[in-house]
>>> print(open('my_file.txt').read())   # compact mmCIF, C-alpha atoms
# COMPACT_ATOMS: atom_id res chain seq x y z
CA MET H 151 90.33 6.99 82.83
CA GLN H 152 89.39 9.01 79.76
CA GLN H 153 91.94 8.38 77.00
CA SER H 154 92.45 9.88 73.59
CA SER H 155 93.89 7.80 70.82
CA LEU H 156 94.35 9.78 67.68
CA PHE H 157 96.54 7.06 66.24
CA ALA H 158 94.05 4.24 66.92
CA THR H 159 91.25 6.22 65.29
CA LEU H 160 93.29 6.85 62.14
CA ARG H 161 94.52 3.25 62.08
CA ILE H 162 90.96 1.85 62.21
CA LEU H 163 89.82 4.29 59.50
CA CYS H 164 92.60 3.06 57.22
CA LYS H 165 92.03 -0.59 58.14
CA ASN H 166 88.40 -0.17 57.05
CA ASP H 167 89.51 1.38 53.75
CA ILE H 168 87.64 4.63 54.44
CA GLN H 169 88.43 7.58 52.18
CA PHE H 170 89.06 10.69 54.26
CA ILE H 171 91.31 13.74 54.56
CA VAL H 172 92.57 15.01 57.92
CA VAL H 173 91.76 18.73 58.23
CA GLY H 174 91.58 21.27 61.07
CA GLY H 175 93.90 21.35 64.06
CA LEU H 176 95.28 17.84 63.56
CA ALA H 177 96.19 18.67 59.95
CA ALA H 178 98.02 21.73 61.30
CA VAL H 179 99.93 19.57 63.81
CA LEU H 180 100.83 16.93 61.21
CA ASN H 181 102.13 19.75 59.01
CA GLY H 182 104.38 20.87 61.87
CA ALA H 183 102.40 23.64 63.58
CA PRO H 184 102.92 23.69 67.37
CA ILE H 185 99.28 23.92 68.41
CA GLN H 186 97.10 21.87 70.74
CA THR H 187 93.92 20.15 69.60
CA TYR H 188 91.68 17.53 71.17
CA ASP H 189 89.62 16.27 68.27
CA ILE H 190 90.08 14.75 64.84
CA ASP H 191 88.45 16.67 61.99
CA LEU H 192 87.88 14.63 58.86
CA VAL H 193 86.39 15.41 55.47
CA TYR H 194 85.10 12.14 54.03
CA SER H 195 84.10 10.92 50.61
CA ARG H 196 80.33 10.83 50.26
CA ASP H 197 80.35 7.95 47.78
CA GLN H 198 77.76 5.42 48.91
CA ALA H 199 80.29 2.62 49.43
CA ASN H 200 82.43 4.91 51.60
CA LEU H 201 79.39 6.02 53.62
CA ASP H 202 78.58 2.37 54.34
CA ARG H 203 82.13 1.72 55.53
CA LEU H 204 82.10 4.92 57.59
CA LEU H 205 78.87 3.95 59.29
CA ASN H 206 80.35 0.57 60.26
CA PHE H 207 83.44 2.36 61.60
CA LEU H 208 81.27 4.68 63.70
CA GLN H 209 79.51 1.68 65.22
CA GLU H 210 82.86 0.02 65.90
CA ILE H 211 84.13 3.03 67.87
CA ASP H 212 80.80 3.67 69.68
CA ALA H 213 80.22 7.09 68.14
CA ILE H 214 77.48 9.27 69.61
CA PHE H 215 76.61 12.94 69.09
CA ARG H 216 78.52 15.23 71.47
CA LEU H 217 75.68 17.72 71.81
CA GLN H 218 73.68 15.65 74.31
CA PRO H 219 75.95 12.74 75.23
CA GLU H 220 73.55 11.54 77.92
CA MET H 221 71.00 10.71 75.19
CA ARG H 222 73.58 8.52 73.39
CA LEU H 223 72.23 9.43 69.95
CA ARG H 224 74.04 7.53 67.22
CA PRO H 225 74.70 8.94 63.75
CA ALA H 226 72.71 7.32 60.95
CA ALA H 227 73.35 7.02 57.21
CA SER H 228 71.12 10.05 56.54
CA HIS H 229 73.36 12.22 58.77
CA LEU H 230 76.43 11.30 56.75
CA ALA H 231 74.95 11.95 53.31
CA GLY H 232 74.91 15.76 53.61
CA ALA H 233 77.65 18.40 53.57
CA GLY H 234 77.13 19.23 57.25
CA HIS H 235 79.34 18.74 60.28
CA LEU H 236 78.81 15.93 62.79
CA ASN H 237 80.45 16.48 66.16
CA LEU H 238 80.87 13.06 67.68
CA LEU H 239 82.26 11.47 70.82
CA THR H 240 83.84 8.05 70.40
CA ARG H 241 85.66 5.47 72.49
CA TYR H 242 88.90 7.09 71.30
CA GLY H 243 87.91 10.70 71.88
CA PRO H 244 86.13 13.42 69.91
CA VAL H 245 85.83 13.04 66.13
CA ASP H 246 84.26 15.64 63.84
CA LEU H 247 83.02 14.37 60.48
CA LEU H 248 82.69 17.07 57.86
CA GLY H 249 80.90 16.59 54.55
CA ALA H 250 82.45 19.79 53.22
CA ILE H 251 84.50 22.71 54.54
CA GLY H 252 85.20 26.31 53.51
CA ASP H 253 83.44 27.26 50.30
CA ASN H 254 81.61 23.90 50.10
CA LEU H 255 84.82 21.97 49.40
CA GLY H 256 84.23 18.25 49.60
CA TYR H 257 86.55 15.27 49.56
CA SER H 258 87.23 15.26 45.81
CA ASP H 259 87.87 19.05 45.80
CA LEU H 260 90.37 18.69 48.65
CA LEU H 261 92.17 15.61 47.37
CA PRO H 262 94.60 17.59 45.16
CA ARG H 263 95.13 20.00 48.08
CA SER H 264 96.30 17.25 50.42
CA ASP H 265 99.50 15.27 50.97
CA GLU H 266 99.90 11.66 52.00
CA MET H 267 101.80 11.25 55.27
CA GLU H 268 103.17 8.18 57.05
CA ILE H 269 102.00 8.15 60.67
CA GLY H 270 103.59 4.88 61.83
CA GLU H 271 103.12 1.11 61.44
CA GLY H 272 103.01 1.63 57.68
CA ILE H 273 99.79 3.64 57.92
CA ARG H 274 99.48 6.52 55.47
CA VAL H 275 96.79 9.19 55.71
CA ARG H 276 95.89 12.14 53.52
CA VAL H 277 96.37 15.48 55.26
CA LEU H 278 95.20 18.90 54.07
CA LYS H 279 98.07 21.11 52.91
CA LEU H 280 98.92 23.98 55.21
CA GLU H 281 98.35 26.54 52.41
CA THR H 282 94.74 25.37 51.99
CA LEU H 283 94.14 25.22 55.74
CA ILE H 284 95.32 28.83 56.05
CA SER H 285 93.19 29.97 53.12
CA ILE H 286 90.05 28.30 54.58
CA LYS H 287 90.67 29.84 57.99
CA GLU H 288 91.11 33.25 56.34
CA GLN H 289 87.73 32.81 54.63
CA LEU H 290 85.97 31.63 57.80
CA ALA H 291 87.55 34.46 59.80
CA SER H 292 86.01 33.45 63.15
CA ASP H 293 87.88 34.59 66.27
CA LYS H 294 89.16 31.03 66.75
CA ASP H 295 90.38 30.76 63.16
CA LEU H 296 92.00 34.20 63.17
CA ALA H 297 93.80 33.41 66.44
CA ALA H 298 95.47 30.35 64.88
CA LEU H 299 96.58 32.12 61.71
CA PRO H 300 99.87 33.72 62.90
CA ILE H 301 101.26 30.32 63.99
CA LEU H 302 100.07 28.60 60.80
CA ARG H 303 101.55 31.33 58.58
CA GLN H 304 104.90 31.23 60.38
CA THR H 305 104.93 27.41 60.20
CA LEU H 306 104.33 27.55 56.45
CA ARG H 307 107.04 30.18 56.03
CA LEU H 308 109.62 28.15 57.98
CA ALA H 309 108.58 24.86 56.33
CA MET H 310 109.16 26.41 52.91
CA THR H 311 112.66 27.53 53.87
CA LYS H 312 113.54 24.28 55.68
CA PRO H 313 116.27 22.37 53.86
CA ASP H 314 115.17 18.79 53.01
CA MET B 112 139.50 37.71 49.67
CA GLY B 113 140.99 39.31 52.78
CA VAL B 114 140.89 37.95 56.33
CA SER B 115 138.39 40.60 57.50
CA GLU B 116 135.95 39.70 54.69
CA THR B 117 136.15 36.02 55.65
CA VAL B 118 135.50 36.86 59.32
CA ASN B 119 132.46 39.01 58.37
CA GLU B 120 130.99 36.29 56.17
CA THR B 121 131.47 33.69 58.91
CA ALA B 122 129.79 35.97 61.45
CA GLN B 123 126.80 36.37 59.12
CA ASP B 124 126.63 32.62 58.54
CA VAL B 125 126.33 31.88 62.26
CA ALA B 126 124.08 34.85 63.11
CA PRO B 127 121.41 33.53 65.50
CA LEU B 128 117.98 32.93 64.05
CA PRO B 129 115.23 35.08 65.60
CA ASP B 130 113.35 33.48 68.53
CA TYR B 131 110.08 35.26 67.79
CA SER B 132 108.36 36.61 64.70
CA GLU B 133 107.24 40.24 64.59
CA ASP B 134 103.71 39.12 65.49
CA GLY B 135 104.96 37.28 68.59
CA VAL B 136 105.01 33.68 67.37
CA ASP B 137 107.63 31.44 69.04
CA LEU B 138 109.73 30.39 66.06
CA THR B 139 111.94 28.08 68.13
CA LEU B 140 108.90 25.90 68.83
CA ILE B 141 108.00 25.77 65.14
CA ARG B 142 111.57 24.84 64.19
CA TRP B 143 111.43 22.03 66.74
CA THR B 144 108.07 20.64 65.53
CA LEU B 145 109.26 20.86 61.93
CA SER B 146 112.28 18.76 62.90
CA LEU B 147 109.93 15.90 63.90
CA THR B 148 108.32 13.42 61.52
CA PRO B 149 104.50 13.46 61.17
CA GLU B 150 104.43 10.25 63.26
CA GLU B 151 106.42 11.91 66.04
CA ARG B 152 104.16 14.99 65.92
CA LEU B 153 101.08 12.77 66.25
CA ARG B 154 102.55 10.74 69.14
CA PHE B 155 103.66 13.88 70.98
CA LEU B 156 100.21 15.46 70.65
CA GLU B 157 98.51 12.27 71.80
CA GLU B 158 100.78 11.97 74.84
CA ARG B 159 100.17 15.60 75.78
CA ILE B 160 96.38 15.26 75.45
CA ASN B 161 96.38 12.18 77.67
CA GLU B 162 98.60 13.84 80.26
CA ILE B 163 96.26 16.84 80.38
CA LEU B 164 93.16 14.62 80.61
CA ALA B 165 94.78 12.66 83.45
CA ILE B 166 95.59 15.84 85.39
CA ARG B 167 92.07 17.18 84.87
CA GLU B 168 90.55 13.92 86.06
CA LEU B 169 92.81 13.83 89.10
CA ASN B 170 91.75 17.33 90.09
CA ALA B 171 88.08 16.78 89.33
CA THR B 172 87.87 14.06 92.00
CA LYS B 173 89.37 16.27 94.74
>>> encode(input="my_file.txt", output="structure tokens")
Amino acid sequence: MQQSSLFATLRILCKNDIQFIVVGGLAAVLNGAPIQTYDIDLVYSRDQANLDRLLNFLQEIDAIFRLQPEMRLRPAASHLAGAGHLNLLTRYGPVDLLGAIGDNLGYSDLLPRSDEMEIGEGIRVRVLKLETLISIKEQLASDKDLAALPILRQTLRLAMTKPD
Amino acid sequence: MGVSETVNETAQDVAPLPDYSEDGVDLTLIRWTLSLTPEERLRFLEERINEILAIRELNATK
């Protein structure tokens, strides 16, 4: 049976010491937004050493491009070096690797706009702040992004008033 | 402070929170997800995805 394992994917990324930030729908969920998403969107550091580790990780989880899965095309180092988006299918479900998002914001730009979160078994991942996610979706302004905005805005509003 | 003032303040304190925002967002659901830890949010999402995939697969073979 087809199975998704968001946790296993994040655990292997951390185990391999890969520098990444969770963005997109999963970042919204981890920030407390009640939305449904099926893939993991990650912005990754494009430092050479990180690209090497990322490529090994992609081999480990049998990553292929989602566009024509029957061709089983595997991502290469050259695909990872750019700021583009790679939509992949892996043994643990869909993973989207993003060199940059929004107004060409890469890993180092997003680092100060992310929080570290514990996701279990002592694993900590960096997750894009809800404020930045909202601002990027406002810029992109696609139908899909606009549709998610009311929930994200209300989540941010309630999170800011939540006593901790 | 008189008794009536105390009663009014108490009534305001326990006034129910709105269920929905003006733009129709279910605030009760957001309050619930905010009450979970990030780990619990991740596990819940993962369980839901796998339940949905299982149902889809079951129906695809019929």
>>> closest_atom_pairs(input="my_file.txt", of="chain B", to="chain H", cutoff="6 Å", atoms="all atoms listed in the file", output="tab-separated table")
residue	atom	partner	partner_atom	distance
B:Ile141	CA	H:Pro184	CA	5.9
B:Thr144	CA	H:Gly182	CA	5.2
B:Leu145	CA	H:Gly182	CA	4.9
B:Pro149	CA	H:Leu180	CA	5.1
B:Glu150	CA	H:Ile269	CA	4.1
B:Asn161	CA	H:Gln153	CA	5.9
>>> write_last_selection(input="my_file.txt", atoms="C-alpha atoms", output="PDB file, keeping the file's coordinate frame")
ATOM      1  CA  ILE B 141     108.000  25.770  65.140  1.00  0.00           C
ATOM      2  CA  THR B 144     108.070  20.640  65.530  1.00  0.00           C
ATOM      3  CA  LEU B 145     109.260  20.860  61.930  1.00  0.00           C
ATOM      4  CA  PRO B 149     104.500  13.460  61.170  1.00  0.00           C
ATOM      5  CA  GLU B 150     104.430  10.250  63.260  1.00  0.00           C
ATOM      6  CA  ASN B 161      96.380  12.180  77.670  1.00  0.00           C
TER       7      ASN B 161
END
>>> atom_distance(input="my_file.txt", atom1="CA of Glu288 (chain H)", atom2="CA of Phe215 (chain H)")
28.0 Å
>>> atom_distance(input="my_file.txt", atom1="CA of Asp167 (chain H)", atom2="CA of Asn200 (chain H)")
8.2 Å
>>> closest_residue(input="my_file.txt", among="H:Leu248, H:Ala297, H:Leu290, H:Leu261", to="Leu192 (chain H)", atoms="only C-alpha atoms")
H:Leu248
>>> atom_distance(input="my_file.txt", atom1="CA of Ile168 (chain H)", atom2="CA of Glu210 (chain H)")
13.2 Å
>>> residues_around(input="my_file.txt", residues="region 126-130 of chain B", least_positions_apart="5", cutoff="7 Å", atoms="only C-alpha atoms", output="PDB file with C-alpha atoms, keeping the file's coordinate frame")
ATOM      1  CA  ASP B 137     107.630  31.440  69.040  1.00  0.00           C
ATOM      2  CA  LEU B 138     109.730  30.390  66.060  1.00  0.00           C
ATOM      3  CA  THR B 139     111.940  28.080  68.130  1.00  0.00           C
TER       4      THR B 139
END
>>> axis_aligned_box(input="my_file.txt", around="region 129-148 of chain B", padding_each_side="5 Å", output="lines of an AutoDock Vina configuration file")
center_x = 109.5
center_y = 26.8
center_z = 65.3
size_x = 21.5
size_y = 36.8
size_z = 17.5
>>> residues_around(input="my_file.txt", residues="region 216-225 of chain H", least_positions_apart="3", cutoff="7 Å", atoms="only C-alpha atoms", output="ChimeraX atom specification")
/H:213,229,237-239
>>> closest_residue(input="my_file.txt", among="B:Arg152, B:Arg142, B:Gly135, B:Leu147", to="Arg307 (chain H)", atoms="all atoms listed in the file")
B:Arg142
>>> closest_residue(input="my_file.txt", among="B:Glu157, B:Trp143, B:Tyr131, B:Val136", to="Tyr242 (chain H)", atoms="only C-alpha atoms")
B:Glu157
>>> closest_residue(input="my_file.txt", among="H:Asp191, H:Ile211, H:Ser292, H:Leu260", to="His235 (chain H)", atoms="all atoms listed in the file")
H:Asp191
>>> residues_around(input="my_file.txt", residues="Ile251 (chain H)", least_positions_apart="6", cutoff="9 Å", atoms="only C-alpha atoms", output="ChimeraX atom specification")
/H:193,233-235,286
>>> decode(input="my_file.txt", residues="region 160-256 of chain H", atoms="C-alpha atoms", output="CSV table (one decimal), in the first residue's frame")
chain,number,residue,atom,x,y,z
H,160,LEU,CA,12.5,14.7,8.1
H,161,ARG,CA,14.3,12.3,10.4
H,162,ILE,CA,16.5,11.0,7.5
H,163,LEU,CA,17.2,14.6,6.4
H,164,CYS,CA,18.4,15.5,9.9
H,165,LYS,CA,20.3,12.3,10.3
H,166,ASN,CA,22.2,13.2,7.1
H,167,ASP,CA,23.0,16.7,8.5
H,168,ILE,CA,21.2,18.4,5.6
H,169,GLN,CA,20.5,22.1,6.0
H,170,PHE,CA,16.9,22.8,5.1
H,171,ILE,CA,13.8,24.8,6.1
H,172,VAL,CA,10.3,23.4,6.0
H,173,VAL,CA,8.1,25.8,4.0
H,174,GLY,CA,4.7,25.5,2.3
H,175,GLY,CA,1.7,23.6,3.6
H,176,LEU,CA,3.7,21.5,6.1
H,177,ALA,CA,5.2,24.7,7.6
H,178,ALA,CA,1.6,26.0,8.0
H,179,VAL,CA,0.6,22.7,9.7
H,180,LEU,CA,3.6,22.8,12.1
H,181,ASN,CA,2.7,26.4,12.9
H,182,GLY,CA,-0.8,25.2,13.9
H,183,ALA,CA,-2.9,25.9,10.8
H,184,PRO,CA,-5.6,23.2,10.2
H,185,ILE,CA,-5.0,22.5,6.6
H,186,GLN,CA,-4.3,19.3,4.6
H,187,THR,CA,-1.2,18.8,2.6
H,188,TYR,CA,0.4,15.7,0.9
H,189,ASP,CA,3.9,16.8,0.2
H,190,ILE,CA,7.0,18.2,2.0
H,191,ASP,CA,8.3,21.5,0.6
H,192,LEU,CA,11.8,22.3,1.6
H,193,VAL,CA,14.2,25.2,0.8
H,194,TYR,CA,17.7,23.8,1.0
H,195,SER,CA,21.1,25.4,1.4
H,196,ARG,CA,23.0,25.4,-1.9
H,197,ASP,CA,26.4,25.1,-0.4
H,198,GLN,CA,28.3,22.4,-2.2
H,199,ALA,CA,28.7,20.2,0.8
H,200,ASN,CA,25.0,20.4,1.5
H,201,LEU,CA,24.2,19.6,-2.1
H,202,ASP,CA,26.4,16.5,-1.9
H,203,ARG,CA,24.6,15.3,1.2
H,204,LEU,CA,21.2,16.1,-0.4
H,205,LEU,CA,22.0,14.1,-3.4
H,206,ASN,CA,22.9,11.1,-1.3
H,207,PHE,CA,19.7,11.5,0.6
H,208,LEU,CA,17.7,11.6,-2.6
H,209,GLN,CA,19.3,8.3,-3.7
H,210,GLU,CA,18.6,6.8,-0.3
H,211,ILE,CA,14.8,7.6,-0.6
H,212,ASP,CA,14.6,6.6,-4.3
H,213,ALA,CA,13.7,10.1,-5.5
H,214,ILE,CA,12.4,10.5,-9.0
H,215,PHE,CA,10.8,13.4,-10.9
H,216,ARG,CA,7.0,13.4,-10.4
H,217,LEU,CA,6.3,14.8,-13.9
H,218,GLN,CA,6.8,11.5,-15.7
H,219,PRO,CA,7.1,8.9,-13.0
H,220,GLU,CA,7.1,6.0,-15.5
H,221,MET,CA,10.5,7.2,-16.9
H,222,ARG,CA,12.0,7.1,-13.4
H,223,LEU,CA,14.2,10.1,-14.0
H,224,ARG,CA,16.5,10.8,-11.0
H,225,PRO,CA,17.6,14.3,-10.0
H,226,ALA,CA,21.3,15.0,-10.6
H,227,ALA,CA,23.7,17.5,-8.9
H,228,SER,CA,23.1,20.0,-11.7
H,229,HIS,CA,19.3,20.1,-10.9
H,230,LEU,CA,20.0,21.0,-7.3
H,231,ALA,CA,22.4,23.8,-8.0
H,232,GLY,CA,19.8,26.3,-9.3
H,233,ALA,CA,17.0,28.3,-7.6
H,234,GLY,CA,14.3,26.2,-9.3
H,235,HIS,CA,11.7,23.8,-7.9
H,236,LEU,CA,12.1,20.0,-8.2
H,237,ASN,CA,8.9,18.1,-7.7
H,238,LEU,CA,9.9,14.6,-6.6
H,239,LEU,CA,8.3,11.3,-5.7
H,240,THR,CA,10.1,9.3,-3.1
H,241,ARG,CA,9.6,6.1,-1.1
H,242,TYR,CA,8.1,8.2,1.6
H,243,GLY,CA,5.8,10.3,-0.6
H,244,PRO,CA,6.1,13.5,-2.5
H,245,VAL,CA,8.9,15.9,-1.7
H,246,ASP,CA,9.4,19.3,-3.4
H,247,LEU,CA,12.9,20.7,-3.2
H,248,LEU,CA,13.0,24.5,-3.7
H,249,GLY,CA,16.2,26.4,-4.3
H,250,ALA,CA,14.4,29.7,-3.6
H,251,ILE,CA,10.9,30.9,-3.0
H,252,GLY,CA,9.0,34.2,-3.2
H,253,ASP,CA,11.2,37.1,-4.3
H,254,ASN,CA,14.2,34.8,-4.8
H,255,LEU,CA,14.6,34.0,-1.1
H,256,GLY,CA,17.1,31.2,-0.5
